[in-house]
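Dumped input-v4.txt below, it's compact mmCIF, C-alpha atoms and all ligand atoms:
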# COMPACT_ATOMS: atom_id res chain seq x y z
CA MET A 1 -151.68 -117.18 77.02
CA VAL A 2 -151.33 -116.05 73.39
CA GLU A 3 -154.38 -113.81 73.78
CA SER A 4 -153.03 -112.10 76.87
CA ASN A 5 -149.67 -111.58 75.15
CA LEU A 6 -151.36 -110.01 72.12
CA LEU A 7 -153.55 -107.79 74.30
CA ARG A 8 -150.59 -106.64 76.34
CA LEU A 9 -148.63 -105.86 73.19
CA MET A 10 -151.36 -103.85 71.48
CA GLN A 11 -152.15 -101.93 74.66
CA TYR A 12 -148.49 -101.09 75.00
CA ALA A 13 -148.20 -100.07 71.34
CA GLY A 14 -151.32 -97.88 71.60
CA MET A 15 -149.83 -96.07 74.60
CA ASN A 16 -146.19 -95.75 73.55
CA CYS A 17 -145.79 -95.84 69.78
CA PRO A 18 -147.05 -92.78 67.85
CA TYR A 19 -147.78 -94.86 64.74
CA TYR A 20 -150.14 -97.24 66.58
CA GLU A 21 -151.64 -94.46 68.72
CA ASN A 22 -152.72 -92.73 65.56
CA LEU A 23 -153.71 -95.92 63.73
CA PHE A 24 -155.96 -97.09 66.58
CA ARG A 25 -157.58 -93.66 66.86
CA MET A 26 -158.25 -93.42 63.12
CA ASN A 27 -159.81 -96.89 63.04
CA ASN A 28 -161.74 -96.66 66.31
CA ILE A 29 -159.82 -99.54 67.77
CA ASN A 30 -160.13 -99.90 71.55
CA VAL A 31 -157.55 -102.28 72.77
CA PHE A 32 -159.58 -103.94 75.51
CA ASN A 33 -160.39 -107.28 73.98
CA ILE A 34 -158.84 -109.68 71.53
CA GLU A 35 -161.36 -108.96 68.77
CA ASP A 36 -159.73 -105.55 68.44
CA PHE A 37 -156.48 -107.20 67.45
CA PHE A 38 -158.05 -108.49 64.25
CA LYS A 39 -159.28 -105.01 63.35
CA ILE A 40 -155.77 -103.60 63.26
CA PRO A 41 -154.83 -102.81 59.65
CA VAL A 42 -151.94 -104.96 58.46
CA LEU A 43 -148.42 -103.62 58.48
CA THR A 44 -146.40 -103.70 55.27
CA LYS A 45 -142.78 -103.03 54.40
CA GLN A 46 -143.80 -99.75 52.74
CA ILE A 47 -145.56 -98.59 55.91
CA ILE A 48 -142.52 -99.43 58.00
CA GLN A 49 -140.27 -97.51 55.60
CA GLN A 50 -142.51 -94.46 55.80
CA ASN A 51 -143.09 -94.59 59.57
CA GLU A 52 -139.83 -96.02 60.83
CA ARG A 53 -139.34 -93.64 63.76
CA LEU A 54 -143.04 -93.47 64.63
CA ILE A 55 -143.23 -97.22 65.22
CA ILE A 56 -140.46 -97.05 67.82
CA SER A 57 -141.69 -96.83 71.40
CA ARG A 58 -141.11 -93.56 73.26
CA ALA A 59 -139.94 -95.61 76.23
CA TYR A 60 -136.68 -96.42 74.41
CA ARG A 61 -133.80 -94.25 73.33
CA ILE A 62 -133.25 -94.94 69.66
CA GLU A 63 -129.46 -94.85 70.05
CA ASP A 64 -129.64 -97.68 72.60
CA LEU A 65 -131.32 -100.03 70.15
CA ILE A 66 -129.66 -102.55 67.85
CA VAL A 67 -130.26 -101.80 64.17
CA GLU A 68 -130.86 -104.56 61.70
CA ARG A 69 -130.75 -103.64 58.01
CA THR A 70 -132.71 -105.93 55.76
CA SER A 71 -133.89 -106.07 52.17
CA GLY A 72 -136.06 -109.16 52.53
CA SER A 73 -137.57 -110.71 49.43
CA THR A 74 -138.74 -107.63 47.61
CA GLY A 75 -135.57 -105.57 47.62
CA LEU A 76 -137.14 -103.06 49.99
CA PRO A 77 -134.52 -102.00 52.53
CA LEU A 78 -135.77 -101.61 56.09
CA TYR A 79 -134.24 -100.56 59.36
CA CYS A 80 -135.56 -102.70 62.19
CA ARG A 81 -134.66 -102.07 65.79
CA TYR A 82 -134.74 -104.07 69.00
CA ASP A 83 -133.11 -103.91 72.41
CA LYS A 84 -130.30 -106.05 73.80
CA GLU A 85 -132.59 -108.17 75.96
CA GLU A 86 -134.65 -109.01 72.91
CA ARG A 87 -131.51 -110.15 71.11
CA VAL A 88 -130.66 -112.49 73.99
CA ARG A 89 -134.22 -113.82 74.07
CA ARG A 90 -134.31 -114.42 70.31
CA SER A 91 -131.05 -116.29 70.45
CA MET A 92 -132.26 -118.40 73.40
CA PHE A 93 -135.41 -119.41 71.50
CA LEU A 94 -133.33 -120.52 68.54
CA TRP A 95 -130.86 -122.53 70.61
CA ARG A 96 -133.76 -124.19 72.46
CA GLU A 97 -135.07 -125.48 69.11
CA ARG A 98 -131.66 -126.70 68.00
CA LYS A 99 -131.20 -128.49 71.31
CA ARG A 100 -134.56 -130.24 70.96
CA ASN A 101 -133.28 -131.81 67.72
CA SER A 102 -129.74 -132.41 68.88
CA PRO A 103 -129.26 -132.46 72.69
CA SER A 104 -125.46 -132.13 72.55
CA ILE A 105 -125.30 -129.23 70.07
CA ILE A 106 -124.53 -126.42 72.51
CA GLY A 107 -120.86 -125.54 72.74
CA GLN A 108 -119.88 -127.55 69.64
CA ARG A 109 -117.78 -126.21 66.78
CA MET A 110 -119.84 -124.54 64.10
CA VAL A 111 -119.46 -123.34 60.51
CA ASN A 112 -121.42 -120.25 59.57
CA PHE A 113 -121.77 -119.44 55.87
CA HIS A 114 -122.43 -115.70 55.66
CA ALA A 115 -122.81 -112.90 53.13
CA GLY A 116 -119.92 -110.72 54.20
CA ASN A 117 -119.53 -107.81 56.55
CA ARG A 118 -122.74 -105.86 56.56
CA VAL A 119 -122.04 -103.75 59.61
CA GLN A 120 -119.80 -100.72 59.87
CA GLY A 121 -116.35 -101.24 61.24
CA THR A 122 -114.36 -104.41 61.61
CA SER A 123 -115.97 -107.79 61.84
CA LEU A 124 -114.99 -111.42 61.66
CA ARG A 125 -116.91 -111.51 58.40
CA GLU A 126 -114.43 -109.28 56.58
CA ASN A 127 -112.48 -112.08 54.89
CA ASN A 128 -113.54 -115.25 53.11
CA ILE A 129 -112.31 -117.52 55.90
CA GLU A 130 -112.15 -116.48 59.55
CA ILE A 131 -112.18 -118.38 62.83
CA ASP A 132 -113.73 -117.03 66.01
CA GLU A 133 -111.79 -119.11 68.54
CA LYS A 134 -113.74 -117.91 71.55
CA ASN A 135 -117.17 -118.80 70.22
CA LYS A 136 -115.94 -121.77 68.18
CA VAL A 137 -117.22 -120.53 64.84
CA LEU A 138 -115.60 -120.88 61.42
CA TYR A 139 -116.97 -118.13 59.16
CA LEU A 140 -117.09 -118.73 55.41
CA ASN A 141 -118.34 -116.20 52.88
CA TYR A 142 -120.84 -117.74 50.47
CA LEU A 143 -121.11 -114.83 48.04
CA ASP A 144 -118.37 -116.00 45.71
CA MET A 145 -118.29 -119.75 45.12
CA ASN A 146 -115.51 -120.15 42.60
CA LYS A 147 -113.21 -123.11 42.15
CA ASN A 148 -110.51 -121.78 44.47
CA THR A 149 -112.76 -120.57 47.28
CA VAL A 150 -114.82 -123.77 47.42
CA THR A 151 -111.68 -125.90 47.56
CA GLU A 152 -110.34 -123.70 50.36
CA TYR A 153 -113.67 -123.94 52.17
CA TYR A 154 -113.66 -127.71 51.89
CA ASN A 155 -110.15 -127.89 53.33
CA ALA A 156 -111.00 -125.40 56.08
CA ILE A 157 -114.04 -127.48 57.10
CA ALA A 158 -112.02 -130.71 57.00
CA ARG A 159 -109.41 -129.15 59.31
CA TYR A 160 -111.94 -127.52 61.64
CA LYS A 161 -114.14 -130.63 62.05
CA PRO A 162 -117.39 -128.83 62.87
CA PHE A 163 -120.37 -130.49 64.49
CA PHE A 164 -122.78 -127.96 63.04
CA ILE A 165 -123.10 -126.10 59.71
CA ARG A 166 -125.49 -123.19 59.29
CA CYS A 167 -126.06 -122.23 55.68
CA GLN A 168 -128.36 -120.84 53.01
CA PRO A 169 -129.80 -123.73 50.97
CA SER A 170 -128.53 -122.33 47.66
CA ALA A 171 -125.01 -121.95 49.06
CA ILE A 172 -124.74 -125.44 50.49
CA CYS A 173 -126.08 -126.87 47.22
CA GLU A 174 -123.34 -125.07 45.29
CA PHE A 175 -120.82 -126.42 47.78
CA ILE A 176 -122.13 -130.00 47.52
CA ARG A 177 -122.29 -129.96 43.71
CA PHE A 178 -118.75 -128.66 43.47
CA CYS A 179 -117.47 -131.30 45.88
CA LYS A 180 -119.22 -134.06 43.95
CA LYS A 181 -117.80 -132.89 40.65
CA ASN A 182 -114.29 -132.70 42.03
CA GLY A 183 -114.20 -135.91 44.05
CA LEU A 184 -114.25 -134.23 47.46
CA GLU A 185 -116.02 -136.46 49.97
CA THR A 186 -118.59 -134.55 52.07
CA SER A 187 -119.82 -137.54 54.08
CA SER A 188 -116.39 -137.88 55.69
CA LEU A 189 -116.42 -134.34 57.09
CA GLY A 190 -118.11 -135.65 60.24
CA VAL A 191 -120.87 -133.02 60.30
CA GLU A 192 -123.75 -133.97 62.62
CA TYR A 193 -126.13 -131.05 62.25
CA ILE A 194 -127.00 -128.79 59.31
CA GLU A 195 -129.34 -125.86 59.61
CA LEU A 196 -130.79 -124.44 56.39
CA ALA A 197 -131.92 -120.85 56.78
CA GLY A 198 -132.66 -117.67 54.87
CA GLU A 199 -134.41 -119.13 51.82
CA PHE A 200 -137.25 -121.46 50.93
CA VAL A 201 -136.11 -125.09 51.22
CA HIS A 202 -137.38 -127.21 48.34
CA ASP A 203 -137.73 -130.94 49.08
CA TYR A 204 -135.09 -131.82 46.51
CA VAL A 205 -132.65 -129.48 48.25
CA ALA A 206 -133.19 -131.08 51.66
CA GLU A 207 -132.76 -134.47 49.98
CA GLU A 208 -129.52 -133.41 48.29
CA VAL A 209 -128.11 -132.16 51.60
CA LYS A 210 -129.13 -135.37 53.39
CA ASN A 211 -127.45 -137.49 50.73
CA ALA A 212 -124.24 -135.49 50.93
CA PHE A 213 -124.16 -135.54 54.74
CA PRO A 214 -125.80 -138.87 55.65
CA ASN A 215 -124.87 -138.63 59.35
CA ALA A 216 -126.30 -135.16 59.84
CA PHE A 217 -129.66 -134.02 61.16
CA VAL A 218 -130.90 -131.56 58.51
CA ALA A 219 -133.03 -128.81 60.05
CA ASN A 220 -134.94 -126.01 58.41
CA GLN A 221 -135.18 -122.63 60.05
CA TYR A 222 -137.86 -120.29 58.72
CA GLY A 223 -137.14 -116.79 59.84
CA ALA A 224 -136.65 -113.20 58.83
CA GLN A 225 -134.27 -110.54 59.97
CA GLU A 226 -137.28 -108.63 61.27
CA PHE A 227 -138.20 -111.46 63.65
CA PHE A 228 -135.28 -113.85 63.74
CA CYS A 229 -136.73 -117.35 64.00
CA ILE A 230 -140.44 -117.82 63.19
CA ALA A 231 -140.64 -121.60 62.85
CA TYR A 232 -138.18 -124.48 63.21
CA SER A 233 -138.36 -128.02 61.89
CA CYS A 234 -138.48 -131.20 63.96
CA ARG A 235 -137.25 -134.67 63.03
CA PHE A 236 -140.42 -135.23 60.98
CA ASN A 237 -139.55 -132.16 58.97
CA SER A 238 -142.56 -130.15 60.18
CA LEU A 239 -141.95 -126.45 60.69
CA HIS A 240 -143.26 -125.77 64.21
CA ILE A 241 -144.13 -122.16 65.00
CA LEU A 242 -142.25 -120.58 67.91
CA GLU A 243 -145.48 -119.62 69.61
CA ASP A 244 -143.90 -117.90 72.59
CA SER A 245 -142.01 -115.59 70.24
CA VAL A 246 -144.38 -114.86 67.34
CA TYR A 247 -148.06 -114.99 66.50
CA VAL A 248 -148.69 -116.21 62.95
CA GLU A 249 -151.86 -115.44 60.99
CA ILE A 250 -152.86 -116.40 57.48
CA LEU A 251 -154.73 -113.68 55.59
CA ASN A 252 -156.92 -113.98 52.48
CA LYS A 253 -156.97 -117.77 52.62
CA ASP A 254 -157.81 -119.89 49.59
CA GLN A 255 -159.94 -123.06 49.82
CA ASP A 256 -156.93 -125.06 51.05
CA GLY A 257 -156.14 -122.59 53.82
CA PHE A 258 -153.13 -121.06 52.08
CA GLY A 259 -152.78 -117.31 52.22
CA GLU A 260 -150.49 -114.41 53.04
CA ILE A 261 -148.44 -114.90 56.19
CA ALA A 262 -148.70 -112.09 58.74
CA ILE A 263 -146.52 -112.10 61.83
CA THR A 264 -146.75 -110.33 65.16
CA SER A 265 -143.66 -110.29 67.30
CA LEU A 266 -144.67 -111.00 70.90
CA ASN A 267 -141.47 -109.84 72.52
CA ASN A 268 -140.23 -106.78 70.71
CA TYR A 269 -141.67 -103.79 72.56
CA ALA A 270 -139.04 -101.36 71.30
CA MET A 271 -140.36 -101.47 67.73
CA PRO A 272 -143.53 -103.56 67.74
CA PHE A 273 -144.50 -105.23 64.48
CA ILE A 274 -148.19 -106.08 64.63
CA ARG A 275 -149.80 -108.08 61.81
CA TYR A 276 -146.80 -107.63 59.54
CA LYS A 277 -147.17 -109.12 56.07
CA ILE A 278 -143.86 -110.79 55.47
CA GLY A 279 -144.42 -111.52 51.76
CA ASP A 280 -144.57 -115.32 51.94
CA ILE A 281 -147.49 -117.67 51.31
CA GLY A 282 -148.38 -120.52 53.64
CA ARG A 283 -150.93 -122.16 55.93
CA VAL A 284 -151.09 -123.14 59.58
CA ILE A 285 -151.93 -126.70 60.57
CA HIS A 286 -153.18 -127.59 64.04
CA THR A 287 -153.63 -131.32 63.64
CA GLY A 288 -150.40 -132.18 65.38
CA CYS A 289 -147.19 -133.94 64.48
CA ASN A 290 -145.67 -137.31 65.29
CA CYS A 291 -143.02 -135.60 67.39
CA GLU A 292 -143.52 -134.42 70.97
CA LYS A 293 -143.95 -130.73 70.06
CA GLN A 294 -147.36 -129.19 70.65
CA GLU A 295 -146.86 -126.07 68.57
CA ALA A 296 -148.81 -125.57 65.34
CA ILE A 297 -147.11 -126.34 62.03
CA LEU A 298 -146.44 -123.83 59.30
CA GLU A 299 -146.55 -125.15 55.76
CA LEU A 300 -144.92 -122.85 53.23
CA LYS A 301 -146.02 -122.65 49.65
CA SER A 302 -143.52 -120.16 48.48
CA ALA A 303 -141.08 -118.02 50.29
CA ARG A 304 -138.05 -115.92 49.70
CA SER A 305 -135.56 -117.50 47.41
CA CYS A 306 -132.26 -116.47 46.08
CA GLU A 307 -129.83 -117.77 43.59
CA TYR A 308 -126.40 -117.66 42.06
CA PHE A 309 -125.41 -116.20 38.74
CA GLU A 310 -122.40 -117.15 36.67
CA LEU A 311 -119.64 -114.76 35.77
CA ASN A 312 -116.20 -115.71 34.43
CA GLY A 313 -116.41 -119.16 35.96
CA HIS A 314 -117.47 -117.78 39.34
CA LYS A 315 -120.79 -118.56 40.95
CA VAL A 316 -121.80 -115.34 42.63
CA HIS A 317 -124.73 -115.11 45.04
CA GLY A 318 -127.36 -112.47 44.23
CA ASN A 319 -127.06 -111.06 47.73
CA ILE A 320 -123.92 -109.23 46.63
CA PHE A 321 -126.34 -106.64 45.19
CA LYS A 322 -128.38 -106.49 48.37
CA ASN A 323 -125.22 -105.91 50.43
CA CYS A 324 -124.04 -103.28 48.00
CA ILE A 325 -127.32 -101.36 48.17
CA GLU A 326 -127.46 -101.56 51.94
CA LYS A 327 -123.92 -100.22 52.06
CA PHE A 328 -124.83 -97.40 49.66
CA ASN A 329 -127.79 -96.43 51.83
CA ALA A 330 -125.69 -96.69 54.98
CA ASN A 331 -123.04 -94.38 53.49
CA LYS A 332 -125.77 -91.89 52.59
CA ASN A 333 -127.22 -92.28 56.07
CA ASP A 334 -130.63 -92.42 54.45
CA LEU A 335 -132.86 -94.77 52.48
CA PHE A 336 -131.76 -93.39 49.12
CA ILE A 337 -132.76 -96.61 47.42
CA ARG A 338 -136.21 -97.61 48.57
CA GLN A 339 -136.60 -100.69 46.43
CA PHE A 340 -134.60 -102.41 43.71
CA GLN A 341 -134.63 -105.20 41.16
CA VAL A 342 -131.69 -106.71 39.28
CA PHE A 343 -131.65 -108.02 35.71
CA GLN A 344 -128.63 -109.78 34.22
CA VAL A 345 -128.70 -108.79 30.54
CA SER A 346 -125.46 -110.47 29.47
CA GLU A 347 -122.90 -112.40 31.48
CA ASP A 348 -121.20 -109.29 32.85
CA SER A 349 -123.87 -106.59 32.50
CA PHE A 350 -126.69 -105.81 34.83
CA VAL A 351 -129.58 -103.38 34.87
CA ILE A 352 -130.70 -102.32 38.33
CA ASN A 353 -134.15 -100.77 38.52
CA ILE A 354 -134.46 -98.44 41.45
CA ILE A 355 -137.31 -96.79 43.26
CA SER A 356 -136.22 -93.66 45.03
CA GLU A 357 -137.55 -90.27 46.01
CA ARG A 358 -134.22 -88.74 45.03
CA ASP A 359 -132.71 -88.30 41.63
CA GLY A 360 -129.37 -87.42 40.07
CA PHE A 361 -127.48 -90.23 41.80
CA THR A 362 -127.69 -93.08 39.26
CA GLU A 363 -124.20 -92.42 37.87
CA GLU A 364 -122.76 -92.35 41.39
CA PHE A 365 -124.62 -95.56 42.24
CA LYS A 366 -123.43 -97.27 39.05
CA ASN A 367 -119.80 -96.48 39.91
CA PHE A 368 -120.32 -97.47 43.54
CA THR A 369 -121.76 -100.86 42.54
CA GLU A 370 -119.07 -101.61 39.95
CA ASN A 371 -116.34 -100.72 42.46
CA TYR A 372 -118.06 -102.67 45.23
CA ILE A 373 -118.14 -105.86 43.16
CA LYS A 374 -114.59 -105.27 41.93
CA SER A 375 -113.25 -104.79 45.45
CA ARG A 376 -115.20 -107.67 47.04
CA MET A 377 -115.02 -110.25 44.27
CA ASP A 378 -112.32 -108.98 41.95
CA LEU A 379 -114.86 -109.17 39.13
CA VAL A 380 -115.55 -106.55 36.48
CA VAL A 381 -119.20 -105.85 35.74
CA ASN A 382 -121.12 -103.19 33.84
CA VAL A 383 -124.03 -101.73 35.69
CA LYS A 384 -126.80 -99.55 34.39
CA ALA A 385 -128.95 -97.98 37.09
CA GLU A 386 -132.42 -96.79 36.15
CA LEU A 387 -134.91 -94.91 38.24
CA CYS A 388 -138.45 -96.13 37.72
CA GLU A 389 -141.94 -95.62 39.06
CA GLU A 390 -142.58 -99.28 39.72
CA LEU A 391 -140.76 -102.58 39.45
CA GLN A 392 -141.59 -105.32 36.98
CA ILE A 393 -143.92 -108.12 37.94
CA ASN A 394 -143.14 -111.51 36.43
CA PRO A 395 -145.95 -112.22 33.91
CA VAL A 396 -145.97 -115.95 34.68
CA SER A 397 -145.76 -116.06 38.47
CA ARG A 398 -147.33 -112.59 38.83
CA LYS A 399 -144.81 -111.96 41.58
CA LEU A 400 -142.07 -109.46 41.94
CA LYS A 401 -138.71 -111.12 41.60
CA MET A 402 -135.76 -109.27 43.06
CA TYR A 403 -133.05 -111.13 41.12
CA ASN A 404 -133.48 -112.07 37.48
CA PHE A 405 -130.37 -113.88 36.29
CA LEU A 406 -129.59 -115.60 33.00
CA LYS A 407 -129.97 -119.34 33.14
ZN ZN B 501 -142.95 -132.24 64.78

Full structure transcribed into structure tokens:
Amino acid sequence: MVESNLLRLMQYAGMNCPYYENLFRMNNINVFNIEDFFKIPVLTKQIIQQNERLIISRAYRIEDLIVERTSGSTGLPLYCRYDKEERVRRSMFLWRERKRNSPSIIGQRMVNFHAGNRVQGTSLRENNIEIDEKNKVLYLNYLDMNKNTVTEYYNAIARYKPFFIRCQPSAICEFIRFCKKNGLETSSLGVEYIELAGEFVHDYVAEEVKNAFPNAFVANQYGAQEFFCIAYSCRFNSLHILEDSVYVEILNKDQDGFGEIAITSLNNYAMPFIRYKIGDIGRVIHTGCNCEKQEAILELKSARSCEYFELNGHKVHGNIFKNCIEKFNANKNDLFIRQFQVFQVSEDSFVINIISERDGFTEEFKNFTENYIKSRMDLVVNVKAELCEELQINPVSRKLKMYNFLK
């Protein structure tokens, strides 16, 4: 089943996508048997950036596709595209997993913590608190967790009485810690399901969430904007791979089986990602789980993380920079900023290292960023933008860290 899906995908890509056509020809890859799949050179974020249009299938009109802008873990903005059917399918896969954990979840009221309006035009994510009556969603912006907003969020949740909260682990931890400090009772909010998504979930975080919401099922969704959901946890806290949606490989394994995670999307034919290195480390376990699921388990060692920094008594999520840069690129209608890294040098000053093929725009970018943060957060910051050849690798972890905030 998986083999035939992979074969079908690579045959399609070899016929319809100029990037793969060329790649297969250059590497003498005939796409007739499954062994050929493992000869395909891995796909990286850099390759996608450089070949964006060439990866898209000729069978689709680019203007008909949905665009997803993402900066992932390495601050490398990408434009990913998929068609409307794929969006429906992705969403169905995710809801199927939620329903397996909580049979009555569909149609219940939900709280969605989000990072603000990242699309052009109007959106329900424009303000800090918005309610989508039709779809029964209360939207809360997690970028700025200051005293006033968190109190308002607590009251909004108490009034709305959601069944389900979907949140980034770092954001819900900020929320819980604030509530604890200020005597606001989270266990009485009546929440029955919490989905942690978008960042690596440390055990202590899951524990903290469980303690704050003792009646809730706490689920972990491992995904990426490029693929949506990759793996979803069961009641034994194992991350089961969504095997009908993605194929997961581990490359360059160590003696314990941990290595670089590479993902192939089995359903996106508009812009196929084959053997895409997502930037996380993990291993796949086939020995089964105590739950009824048959799918293999993904064990993560490290994955994308994000954090808050402090400024004038506000806790501000690092993704404010990611949003700002995506907006800057969107305004330019081009990937002006190809990669970035943020350093907080004093409470209100930041250095942003930038990789770009352009120059002469750092002053414009500095002003754009300062204004962006002023208009979104009402906070004054000093930004210094510097073009550089390469970003700094952390000497201890030997990894590239996108956000480097003062502790
Ligand atoms: Zn399980």

Coordinates-based distance that separates CA of Asn237 (chain A) from CA of Asn319 (chain A) (Å, one decimal):
27.0 Å

Please write out, as AutoDock Vina command-line options, where the centre of an axis-aligned box around all listed atoms of region 200-214 of chain A lies and how long its edges are, in Å to one decimal, after adding 8 Å on each side.
--center_x -130.9 --center_y -130.2 --center_z 51.1 --size_x 29.6 --size_y 33.4 --size_z 25.1

Report as a Markdown table: every residue of region 72-139 of chain A with an atom at most 12 Å from region 282-293 of chain A, its closest pair of atoms, and their distance in Å to one decimal, counting all atoms listed in the file, with rows sorted by chain and ascending residue number.
| residue | atom | partner | partner_atom | distance |
| --- | --- | --- | --- | --- |
| A:Glu97 | CA | A:Lys293 | CA | 10.4 |
| A:Arg100 | CA | A:Lys293 | CA | 9.4 |
| A:Asn101 | CA | A:Cys291 | CA | 10.5 |

Taking only C-alpha atoms into account, name the residue in A:Gly190, A:Phe368, A:Leu239, A:Leu143 that is nearest to Phe309 (chain A).
A:Leu143

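Closest to ligand ZN 501 (chain B) among A:Gln46, A:Asn146, A:Ser233, A:Asn28 is A:Ser233, based on all atoms listed in the file.
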
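Between CA of Lys407 (chain A) and CA of Cys388 (chain A) the separation is 25.1 Å.
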
So, counting only C-alpha atoms and all ligand atoms, which residue among A:Leu379, A:Ala115, A:Ile325, A:Ala296 is closest to ligand ZN 501 (chain B)?
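Using only C-alpha atoms and all ligand atoms, ligand ZN 501 (chain B) sits closest to A:Ala296.
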
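If you look at CA of Cys17 (chain A) and CA of Met1 (chain A), they are 23.3 Å away from each other.
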
Give me, as number ranges by chain, all polymer residues having an atom no more than 7 Å from Phe213 (chain A), counting all atoms listed in the file and skipping those fewer than 5 positions away in the same chain.
A: 186-187, 191

Contacts of Glu86 (chain A) at 10 Å or less, counting only C-alpha atoms, minus same-chain residues fewer than 6 places along, as a PDB file with C-alpha atoms, in the coordinates of the input?
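Final output, saved to out-v6.pdb:
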ATOM      1  CA  LEU A  65    -131.320-100.030  70.150  1.00  0.00           C
ATOM      2  CA  ILE A  66    -129.660-102.550  67.850  1.00  0.00           C
ATOM      3  CA  MET A  92    -132.260-118.400  73.400  1.00  0.00           C
ATOM      4  CA  ASN A 267    -141.470-109.840  72.520  1.00  0.00           C
ATOM      5  CA  ASN A 268    -140.230-106.780  70.710  1.00  0.00           C
ATOM      6  CA  TYR A 269    -141.670-103.790  72.560  1.00  0.00           C
ATOM      7  CA  ALA A 270    -139.040-101.360  71.300  1.00  0.00           C
TER       8      ALA A 270
END

Which residue gives the smallest distance to ligand ZN 501 (chain B) among A:Glu364, A:Ala219, A:Ala224, A:Asp334, with all atoms listed in the file counted?
A:Ala219

Within 10 Å of (-118.3, -131.0, 55.2), all atoms listed in the file: residues as a tab-separated table (two decimals) with C-alpha atoms, in the coordinates of the input?
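So point09.tsv came out as:
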chain	number	residue	atom	x	y	z
A	111	VAL	CA	-119.46	-123.34	60.51
A	153	TYR	CA	-113.67	-123.94	52.17
A	154	TYR	CA	-113.66	-127.71	51.89
A	155	ASN	CA	-110.15	-127.89	53.33
A	156	ALA	CA	-111.00	-125.40	56.08
A	157	ILE	CA	-114.04	-127.48	57.10
A	158	ALA	CA	-112.02	-130.71	57.00
A	159	ARG	CA	-109.41	-129.15	59.31
A	160	TYR	CA	-111.94	-127.52	61.64
A	161	LYS	CA	-114.14	-130.63	62.05
A	162	PRO	CA	-117.39	-128.83	62.87
A	163	PHE	CA	-120.37	-130.49	64.49
A	164	PHE	CA	-122.78	-127.96	63.04
A	165	ILE	CA	-123.10	-126.10	59.71
A	172	ILE	CA	-124.74	-125.44	50.49
A	175	PHE	CA	-120.82	-126.42	47.78
A	176	ILE	CA	-122.13	-130.00	47.52
A	179	CYS	CA	-117.47	-131.30	45.88
A	184	LEU	CA	-114.25	-134.23	47.46
A	185	GLU	CA	-116.02	-136.46	49.97
A	186	THR	CA	-118.59	-134.55	52.07
A	187	SER	CA	-119.82	-137.54	54.08
A	188	SER	CA	-116.39	-137.88	55.69
A	189	LEU	CA	-116.42	-134.34	57.09
A	190	GLY	CA	-118.11	-135.65	60.24
A	191	VAL	CA	-120.87	-133.02	60.30
A	192	GLU	CA	-123.75	-133.97	62.62
A	194	ILE	CA	-127.00	-128.79	59.31
A	212	ALA	CA	-124.24	-135.49	50.93
A	213	PHE	CA	-124.16	-135.54	54.74

So which residues touch Glu363 (chain A) within 10 Å, counting only C-alpha atoms, skipping near sequence neighbours fewer than 5 positions away, as a PyMOL selection string?
chain A and resi 368-369+383-386

Pick out the closest residue to Gln50 (chain A) from this set: A:Glu357, A:Ala231, A:Phe321, A:Glu3. Count all atoms listed in the file.
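The closest residue to Gln50 (chain A) is A:Glu357.
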
Which one is closest to Glu152 (chain A): A:Ile29, A:Leu140, A:Val248, A:Met402? Count only C-alpha atoms.
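Result for the nearest residue to Glu152 (chain A): A:Leu140.
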
Spatial neighbours of Val342 (chain A), max dist 7 Å, all atoms listed in the file, sep filter under 6 positions, as a compact mmCIF listing (two decimals) with C-alpha atoms, in the frame of the given file:
# COMPACT_ATOMS: atom_id res chain seq x y z
CA PHE A 350 -126.69 -105.81 34.83
CA VAL A 351 -129.58 -103.38 34.87
CA ILE A 352 -130.70 -102.32 38.33
CA ASN A 353 -134.15 -100.77 38.52
CA MET A 402 -135.76 -109.27 43.06
CA TYR A 403 -133.05 -111.13 41.12
CA ASN A 404 -133.48 -112.07 37.48
